[in-house]
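Chemist: This is coords_1.pdb (PDB, C-alpha atoms and all ligand atoms).
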```pdb
ATOM      1  CA  MET Z  28      -1.343 -16.931 -15.071  1.00  0.00           C
ATOM      2  CA  LYS Z  29      -3.860 -14.540 -16.568  1.00  0.00           C
ATOM      3  CA  LEU Z  30      -2.854 -11.013 -17.508  1.00  0.00           C
ATOM      4  CA  GLU Z  31      -5.609  -8.576 -18.367  1.00  0.00           C
ATOM      5  CA  SER Z  32      -4.009  -5.197 -17.778  1.00  0.00           C
ATOM      6  CA  LEU Z  33      -0.729  -3.372 -17.441  1.00  0.00           C
ATOM      7  CA  HIS Z  34      -1.595  -2.920 -13.768  1.00  0.00           C
ATOM      8  CA  GLU Z  35      -1.748  -6.695 -13.303  1.00  0.00           C
ATOM      9  CA  LEU Z  36       1.557  -7.114 -15.095  1.00  0.00           C
ATOM     10  CA  PHE Z  37       3.051  -4.393 -12.888  1.00  0.00           C
ATOM     11  CA  VAL Z  38       1.934  -6.292  -9.761  1.00  0.00           C
ATOM     12  CA  GLU Z  39       3.351  -9.570 -11.105  1.00  0.00           C
ATOM     13  CA  GLU Z  40       6.716  -7.952 -11.818  1.00  0.00           C
ATOM     14  CA  LEU Z  41       6.712  -6.310  -8.401  1.00  0.00           C
ATOM     15  CA  GLN Z  42       6.045  -9.644  -6.655  1.00  0.00           C
ATOM     16  CA  ASP Z  43       8.878 -11.135  -8.666  1.00  0.00           C
ATOM     17  CA  LEU Z  44      11.266  -8.418  -7.459  1.00  0.00           C
ATOM     18  CA  TYR Z  45      10.049  -8.800  -3.870  1.00  0.00           C
ATOM     19  CA  SER Z  46      10.894 -12.494  -4.000  1.00  0.00           C
ATOM     20  CA  ALA Z  47      14.240 -11.740  -5.672  1.00  0.00           C
ATOM     21  CA  GLU Z  48      15.238  -9.162  -3.033  1.00  0.00           C
ATOM     22  CA  ASN Z  49      14.338 -11.527  -0.193  1.00  0.00           C
ATOM     23  CA  GLN Z  50      16.403 -14.305  -1.761  1.00  0.00           C
ATOM     24  CA  ILE Z  51      19.342 -11.882  -1.994  1.00  0.00           C
ATOM     25  CA  LEU Z  52      18.922 -11.019   1.696  1.00  0.00           C
ATOM     26  CA  GLU Z  53      19.360 -14.695   2.479  1.00  0.00           C
ATOM     27  CA  ALA Z  54      22.336 -15.233   0.162  1.00  0.00           C
ATOM     28  CA  LEU Z  55      24.475 -12.195   1.044  1.00  0.00           C
ATOM     29  CA  PRO Z  56      25.497 -13.203   4.609  1.00  0.00           C
ATOM     30  CA  LYS Z  57      27.114 -16.386   3.220  1.00  0.00           C
ATOM     31  CA  MET Z  58      28.989 -14.315   0.634  1.00  0.00           C
ATOM     32  CA  ILE Z  59      30.157 -11.851   3.305  1.00  0.00           C
ATOM     33  CA  GLU Z  60      31.442 -14.766   5.375  1.00  0.00           C
ATOM     34  CA  LYS Z  61      33.387 -16.260   2.464  1.00  0.00           C
ATOM     35  CA  ALA Z  62      34.812 -13.082   0.931  1.00  0.00           C
ATOM     36  CA  GLN Z  63      38.564 -12.971   1.378  1.00  0.00           C
ATOM     37  CA  SER Z  64      39.118  -9.391   0.230  1.00  0.00           C
ATOM     38  CA  PRO Z  65      38.170  -6.863   2.953  1.00  0.00           C
ATOM     39  CA  ASP Z  66      36.979  -4.463   0.218  1.00  0.00           C
ATOM     40  CA  LEU Z  67      34.690  -7.094  -1.234  1.00  0.00           C
ATOM     41  CA  ARG Z  68      33.379  -8.030   2.226  1.00  0.00           C
ATOM     42  CA  ARG Z  69      32.589  -4.369   2.925  1.00  0.00           C
ATOM     43  CA  GLY Z  70      30.944  -4.049  -0.480  1.00  0.00           C
ATOM     44  CA  PHE Z  71      28.670  -7.038   0.159  1.00  0.00           C
ATOM     45  CA  GLN Z  72      27.945  -5.733   3.672  1.00  0.00           C
ATOM     46  CA  SER Z  73      26.834  -2.334   2.408  1.00  0.00           C
ATOM     47  CA  HIS Z  74      24.745  -3.969  -0.315  1.00  0.00           C
ATOM     48  CA  LEU Z  75      23.029  -6.084   2.340  1.00  0.00           C
ATOM     49  CA  GLU Z  76      21.975  -2.896   4.141  1.00  0.00           C
ATOM     50  CA  GLN Z  77      20.915  -1.349   0.838  1.00  0.00           C
ATOM     51  CA  THR Z  78      18.883  -4.443  -0.033  1.00  0.00           C
ATOM     52  CA  ARG Z  79      16.897  -4.097   3.212  1.00  0.00           C
ATOM     53  CA  GLY Z  80      16.023  -0.611   1.980  1.00  0.00           C
ATOM     54  CA  HIS Z  81      14.948  -2.025  -1.394  1.00  0.00           C
ATOM     55  CA  VAL Z  82      12.545  -4.384   0.377  1.00  0.00           C
ATOM     56  CA  ARG Z  83      11.180  -1.467   2.431  1.00  0.00           C
ATOM     57  CA  ARG Z  84      10.509   0.555  -0.737  1.00  0.00           C
ATOM     58  CA  LEU Z  85       8.626  -2.370  -2.268  1.00  0.00           C
ATOM     59  CA  ASP Z  86       6.723  -2.744   1.028  1.00  0.00           C
ATOM     60  CA  GLN Z  87       5.625   0.894   0.753  1.00  0.00           C
ATOM     61  CA  ILE Z  88       4.123   0.217  -2.677  1.00  0.00           C
ATOM     62  CA  PHE Z  89       2.499  -3.060  -1.583  1.00  0.00           C
ATOM     63  CA  ASP Z  90       0.993  -1.266   1.439  1.00  0.00           C
ATOM     64  CA  GLN Z  91      -0.696   1.143  -0.980  1.00  0.00           C
ATOM     65  CA  LEU Z  92      -1.826  -1.660  -3.287  1.00  0.00           C
ATOM     66  CA  GLY Z  93      -3.834  -3.036  -0.373  1.00  0.00           C
ATOM     67  CA  LYS Z  94      -4.753  -6.405   1.074  1.00  0.00           C
ATOM     68  CA  ASP Z  95      -5.862  -7.948  -2.213  1.00  0.00           C
ATOM     69  CA  VAL Z  96      -2.264  -8.211  -3.338  1.00  0.00           C
ATOM     70  CA  ASP Z  97      -0.097 -10.848  -1.661  1.00  0.00           C
ATOM     71  CA  ARG Z  98       3.460  -9.490  -1.739  1.00  0.00           C
ATOM     72  CA  ASN Z  99       4.760 -13.013  -1.092  1.00  0.00           C
ATOM     73  CA  GLY Z 100       2.584 -14.442  -3.857  1.00  0.00           C
ATOM     74  CA  LYS Z 101       5.435 -15.358  -6.195  1.00  0.00           C
ATOM     75  CA  THR Z 102       8.809 -17.057  -6.183  1.00  0.00           C
ATOM     76  CA  CYS Z 103      11.291 -15.541  -8.587  1.00  0.00           C
ATOM     77  CA  LYS Z 104      12.654 -18.625 -10.329  1.00  0.00           C
ATOM     78  CA  GLY Z 105      15.170 -16.599 -12.315  1.00  0.00           C
ATOM     79  CA  MET Z 106      16.827 -15.293  -9.158  1.00  0.00           C
ATOM     80  CA  LYS Z 107      16.644 -18.759  -7.636  1.00  0.00           C
ATOM     81  CA  GLY Z 108      18.765 -20.092 -10.488  1.00  0.00           C
ATOM     82  CA  ILE Z 109      21.260 -17.221 -10.374  1.00  0.00           C
ATOM     83  CA  ILE Z 110      21.697 -17.659  -6.622  1.00  0.00           C
ATOM     84  CA  LYS Z 111      22.033 -21.429  -6.931  1.00  0.00           C
ATOM     85  CA  ASP Z 112      24.859 -20.978  -9.448  1.00  0.00           C
ATOM     86  CA  GLY Z 113      26.409 -18.441  -7.079  1.00  0.00           C
ATOM     87  CA  GLU Z 114      26.203 -20.851  -4.146  1.00  0.00           C
ATOM     88  CA  ASP Z 115      28.320 -23.371  -6.025  1.00  0.00           C
ATOM     89  CA  VAL Z 116      31.047 -20.711  -6.177  1.00  0.00           C
ATOM     90  CA  VAL Z 117      30.584 -19.715  -2.506  1.00  0.00           C
ATOM     91  CA  LYS Z 118      31.082 -23.361  -1.499  1.00  0.00           C
ATOM     92  CA  ALA Z 119      34.020 -23.920  -3.854  1.00  0.00           C
ATOM     93  CA  LYS Z 120      37.334 -25.019  -2.381  1.00  0.00           C
ATOM     94  CA  GLY Z 121      40.700 -23.794  -3.672  1.00  0.00           C
ATOM     95  CA  GLU Z 122      42.182 -20.324  -3.951  1.00  0.00           C
ATOM     96  CA  PRO Z 123      40.194 -17.670  -2.029  1.00  0.00           C
ATOM     97  CA  GLU Z 124      41.179 -14.939  -4.529  1.00  0.00           C
ATOM     98  CA  VAL Z 125      39.725 -16.964  -7.392  1.00  0.00           C
ATOM     99  CA  ARG Z 126      36.564 -17.597  -5.370  1.00  0.00           C
ATOM    100  CA  ASP Z 127      36.285 -13.839  -4.738  1.00  0.00           C
ATOM    101  CA  ALA Z 128      36.493 -13.200  -8.492  1.00  0.00           C
ATOM    102  CA  GLY Z 129      33.778 -15.839  -9.021  1.00  0.00           C
ATOM    103  CA  MET Z 130      31.518 -14.275  -6.382  1.00  0.00           C
ATOM    104  CA  ILE Z 131      31.842 -10.900  -8.114  1.00  0.00           C
ATOM    105  CA  ALA Z 132      30.764 -12.530 -11.383  1.00  0.00           C
ATOM    106  CA  GLY Z 133      27.689 -13.997  -9.628  1.00  0.00           C
ATOM    107  CA  ALA Z 134      26.868 -10.742  -7.843  1.00  0.00           C
ATOM    108  CA  GLN Z 135      26.979  -8.839 -11.153  1.00  0.00           C
ATOM    109  CA  ARG Z 136      24.497 -11.303 -12.665  1.00  0.00           C
ATOM    110  CA  VAL Z 137      22.208 -10.562  -9.732  1.00  0.00           C
ATOM    111  CA  GLU Z 138      22.568  -6.817 -10.293  1.00  0.00           C
ATOM    112  CA  HIS Z 139      21.871  -7.019 -14.019  1.00  0.00           C
ATOM    113  CA  TYR Z 140      18.749  -9.085 -13.377  1.00  0.00           C
ATOM    114  CA  GLU Z 141      17.545  -6.494 -10.871  1.00  0.00           C
ATOM    115  CA  ILE Z 142      18.420  -3.577 -13.150  1.00  0.00           C
ATOM    116  CA  ALA Z 143      16.218  -5.130 -15.861  1.00  0.00           C
ATOM    117  CA  GLY Z 144      13.363  -5.704 -13.407  1.00  0.00           C
ATOM    118  CA  TYR Z 145      13.459  -2.269 -11.790  1.00  0.00           C
ATOM    119  CA  GLY Z 146      13.733  -0.485 -15.126  1.00  0.00           C
ATOM    120  CA  THR Z 147      10.569  -2.255 -16.222  1.00  0.00           C
ATOM    121  CA  VAL Z 148       8.460  -1.591 -13.109  1.00  0.00           C
ATOM    122  CA  ARG Z 149       9.664   2.017 -12.921  1.00  0.00           C
ATOM    123  CA  THR Z 150       8.429   2.595 -16.464  1.00  0.00           C
ATOM    124  CA  TYR Z 151       5.119   0.768 -15.826  1.00  0.00           C
ATOM    125  CA  ALA Z 152       4.556   2.892 -12.706  1.00  0.00           C
ATOM    126  CA  GLU Z 153       5.060   6.065 -14.771  1.00  0.00           C
ATOM    127  CA  GLN Z 154       2.734   4.828 -17.515  1.00  0.00           C
ATOM    128  CA  LEU Z 155       0.099   3.920 -14.936  1.00  0.00           C
ATOM    129  CA  GLY Z 156       0.277   7.454 -13.543  1.00  0.00           C
ATOM    130  CA  HIS Z 157       1.993   6.624 -10.240  1.00  0.00           C
ATOM    131  CA  ARG Z 158       4.885   9.081 -10.192  1.00  0.00           C
ATOM    132  CA  ASP Z 159       5.514   8.459  -6.476  1.00  0.00           C
ATOM    133  CA  TRP Z 160       6.025   4.740  -7.072  1.00  0.00           C
ATOM    134  CA  ALA Z 161       8.138   5.453 -10.135  1.00  0.00           C
ATOM    135  CA  GLN Z 162      10.412   7.647  -8.003  1.00  0.00           C
ATOM    136  CA  LEU Z 163      10.850   4.969  -5.331  1.00  0.00           C
ATOM    137  CA  LEU Z 164      11.675   2.357  -7.962  1.00  0.00           C
ATOM    138  CA  GLU Z 165      14.050   4.745  -9.745  1.00  0.00           C
ATOM    139  CA  GLN Z 166      16.010   5.219  -6.482  1.00  0.00           C
ATOM    140  CA  THR Z 167      16.487   1.476  -6.154  1.00  0.00           C
ATOM    141  CA  LEU Z 168      17.385   1.200  -9.851  1.00  0.00           C
ATOM    142  CA  GLN Z 169      20.145   3.787  -9.370  1.00  0.00           C
ATOM    143  CA  GLU Z 170      21.499   1.942  -6.320  1.00  0.00           C
ATOM    144  CA  GLU Z 171      21.616  -1.328  -8.262  1.00  0.00           C
ATOM    145  CA  LYS Z 172      23.495   0.407 -11.073  1.00  0.00           C
ATOM    146  CA  ASP Z 173      25.947   1.936  -8.573  1.00  0.00           C
ATOM    147  CA  THR Z 174      26.524  -1.478  -7.012  1.00  0.00           C
ATOM    148  CA  ASP Z 175      27.204  -2.988 -10.423  1.00  0.00           C
ATOM    149  CA  LEU Z 176      29.758  -0.257 -11.108  1.00  0.00           C
ATOM    150  CA  LYS Z 177      31.459  -0.782  -7.733  1.00  0.00           C
ATOM    151  CA  LEU Z 178      31.647  -4.518  -8.427  1.00  0.00           C
ATOM    152  CA  SER Z 179      33.329  -3.818 -11.776  1.00  0.00           C
ATOM    153  CA  GLN Z 180      35.867  -1.603 -10.016  1.00  0.00           C
ATOM    154  CA  LEU Z 181      36.539  -4.269  -7.372  1.00  0.00           C
ATOM    155  CA  ALA Z 182      36.933  -6.898 -10.073  1.00  0.00           C
ATOM    156  CA  GLY Z 183      39.694  -4.735 -11.557  1.00  0.00           C
ATOM    157  CA  HIS Z 184      42.109  -5.596  -8.762  1.00  0.00           C
ATOM    158  CA  ILE Z 185      40.609  -8.812  -7.398  1.00  0.00           C
ATOM    159  CA  ASN Z 186      40.805 -10.552 -10.807  1.00  0.00           C
ATOM    160  CA  ILE Z 187      44.504  -9.668 -10.966  1.00  0.00           C
ATOM    161  CA  GLU Z 188      45.023 -11.211  -7.524  1.00  0.00           C
ATOM    162  CA  ALA Z 189      43.134 -14.270  -8.761  1.00  0.00           C
ATOM    163  CA  ARG Z 190      45.418 -14.501 -11.791  1.00  0.00           C
ATOM    164  CA  ALA Z 191      48.458 -14.370  -9.495  1.00  0.00           C
ATOM    165  CA  ALA Z 192      47.056 -17.041  -7.171  1.00  0.00           C
TER
HETATM  166 FE    FE K   1      18.155  -4.755  -4.660  1.00  0.00          FE
END
```
I need this file expressed as structure tokens, please.
Modeler:
Amino acid sequence: MKLESLHELFVEELQDLYSAENQILEALPKMIEKAQSPDLRRGFQSHLEQTRGHVRRLDQIFDQLGKDVDRNGKTCKGMKGIIKDGEDVVKAKGEPEVRDAGMIAGAQRVEHYEIAGYGTVRTYAEQLGHRDWAQLLEQTLQEEKDTDLKLSQLAGHINIEARAA
């Protein structure tokens, strides 16, 4: 990798997030299927729809960056690892309530990773003078933060069910 400008770094980080979001799109249906709590299932379902919107926002920016930038040019290895750890929990046998609590823990790792990434690219976009891109990225950042908060709230009662299991 060669990085000569903040613009190049911005593109790299954006490709990383594009890969991460697409990996999440693949992982969420399995989590929805395995979630025992109806609240958690609904939460994952609504985040799946939200995630499609996150990909569309990134697509809007890539469309403006033009043909020279390959939006699928990178695989986010960090997200790959987080999802792989999460898959071990999704496949785990045993008490469904405990598995639910474990899936929340994995989903919050995903959110924190995304929050870090979106905070960075939002700030780069501002510094590069692209307020429109910064606004799009800020919207996604807020949705990731909201999801993280909702997961914490769900954990409040699901962890107690897991303890009772
Ligand atoms: Fe996202």
Chemist: Can you tell me which residues sit at most 7 Å away from ligand FE 1 (chain K), counting all atoms listed in the file, written as a list in words?
Modeler: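 Sorted by chain and then by number, the residues are Glu48, Thr78, His81, Glu141, Thr167 and Glu171 of chain Z.
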Chemist: Using Å and a single decimal, report how far CA of Leu85 in chain Z sits from CA of Arg98 in chain Z.
Modeler: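 CA of Arg98 in chain Z sits 8.8 Å away from CA of Leu85 in chain Z.
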Chemist: Given the file shown, determine the residues that the PyMOL selection byres (((chain Z and resi 125) around 12) and not hetatm) selects; report them as a count of residues only.
Modeler: 29
Chemist: With only C-alpha atoms as the atoms that count, which of Z:Glu76, Z:Glu153, Z:Asp115, Z:Asp86 lies nearest to Leu44 in chain Z?
Modeler: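 When distances to Leu44 in chain Z are compared using only C-alpha atoms, the smallest one comes from Z:Asp86.
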Chemist: Between Z:Glu35, Z:Asp173, Z:Glu40, Z:Gly183, which one has atoms that come closest to Gln77 in chain Z, using all atoms listed in the file?
Modeler: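 Closest to Gln77 in chain Z, using all atoms listed in the file: Z:Asp173.
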Chemist: Pick from Z:Phe37, Z:Tyr140, Z:Tyr45, Z:Tyr151: nearest to Gln87 in chain Z, with all atoms listed in the file counted?
Modeler: Z:Tyr45
Chemist: What would the selection look like, as a compact mmCIF listing (two decimals) with C-alpha atoms, in the coordinates of the input, if the PyMOL selection byres (((chain Z and resi 111) around 12) and not hetatm) were run on the coordinates I just shared?
Modeler:
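The new file part_2.txt reads:
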```
# COMPACT_ATOMS: atom_id res chain seq x y z
CA GLN Z 50 16.40 -14.30 -1.76
CA ILE Z 51 19.34 -11.88 -1.99
CA GLU Z 53 19.36 -14.70 2.48
CA ALA Z 54 22.34 -15.23 0.16
CA LYS Z 104 12.65 -18.62 -10.33
CA GLY Z 105 15.17 -16.60 -12.32
CA MET Z 106 16.83 -15.29 -9.16
CA LYS Z 107 16.64 -18.76 -7.64
CA GLY Z 108 18.76 -20.09 -10.49
CA ILE Z 109 21.26 -17.22 -10.37
CA ILE Z 110 21.70 -17.66 -6.62
CA ASP Z 112 24.86 -20.98 -9.45
CA GLY Z 113 26.41 -18.44 -7.08
CA GLU Z 114 26.20 -20.85 -4.15
CA ASP Z 115 28.32 -23.37 -6.02
CA VAL Z 116 31.05 -20.71 -6.18
CA VAL Z 117 30.58 -19.72 -2.51
CA LYS Z 118 31.08 -23.36 -1.50
CA MET Z 130 31.52 -14.28 -6.38
CA GLY Z 133 27.69 -14.00 -9.63
CA ALA Z 134 26.87 -10.74 -7.84
CA ARG Z 136 24.50 -11.30 -12.66
CA VAL Z 137 22.21 -10.56 -9.73
```
Chemist: Could you jot down the CA of Gly70 in chain Z to CA of Tyr145 in chain Z separation for me, Å, one decimal place?
Modeler: 20.9 Å
Chemist: Can you spell out as a ChimeraX atom specification the set of residues that the PyMOL selection byres (((chain Z and resi 144) around 10) and not hetatm) selects in the structure I just provided?
Modeler: /Z:40-41,43-44,47,138-143,145-149,164,168
Chemist: Box along x, y and z, 3 Å on every side, all listed atoms of range 90-103 of chain Z inside: centre and edge lengths in Å to one decimal, as lines of an AutoDock Vina configuration file.
Modeler:
```
center_x = 2.7
center_y = -8.0
center_z = -3.6
size_x = 23.2
size_y = 24.2
size_z = 16.0
```
Chemist: Tell me, in Å to one decimal, how far CA of Gln180 in chain Z is from CA of His74 in chain Z.
Modeler: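 Rounded to one decimal, the two atoms are 14.9 Å apart.
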Chemist: Of the candidates Z:Ile88, Z:Leu67, Z:Ala152, Z:Ala161, which one gets nearest to Ser179 in chain Z if we count all atoms listed in the file?
Modeler: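 Ranking Z:Ile88, Z:Leu67, Z:Ala152, Z:Ala161 by distance to Ser179 in chain Z, first place goes to Z:Leu67.
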Chemist: Find, counting all atoms listed in the file, the residue in Z:Gly100, Z:Gly93, Z:Pro65, Z:Pro56 that gets nearest to Leu181 in chain Z.
Modeler: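 Closest candidate: Z:Pro65.
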Chemist: May I ask which of the residues Z:Leu92, Z:Ser46, Z:Ser73, Z:Arg79 is the closest one to Ile59 in chain Z, counting all atoms listed in the file?
Modeler: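 Between Z:Leu92, Z:Ser46, Z:Ser73, Z:Arg79, the residue approaching Ile59 in chain Z most closely is Z:Ser73.
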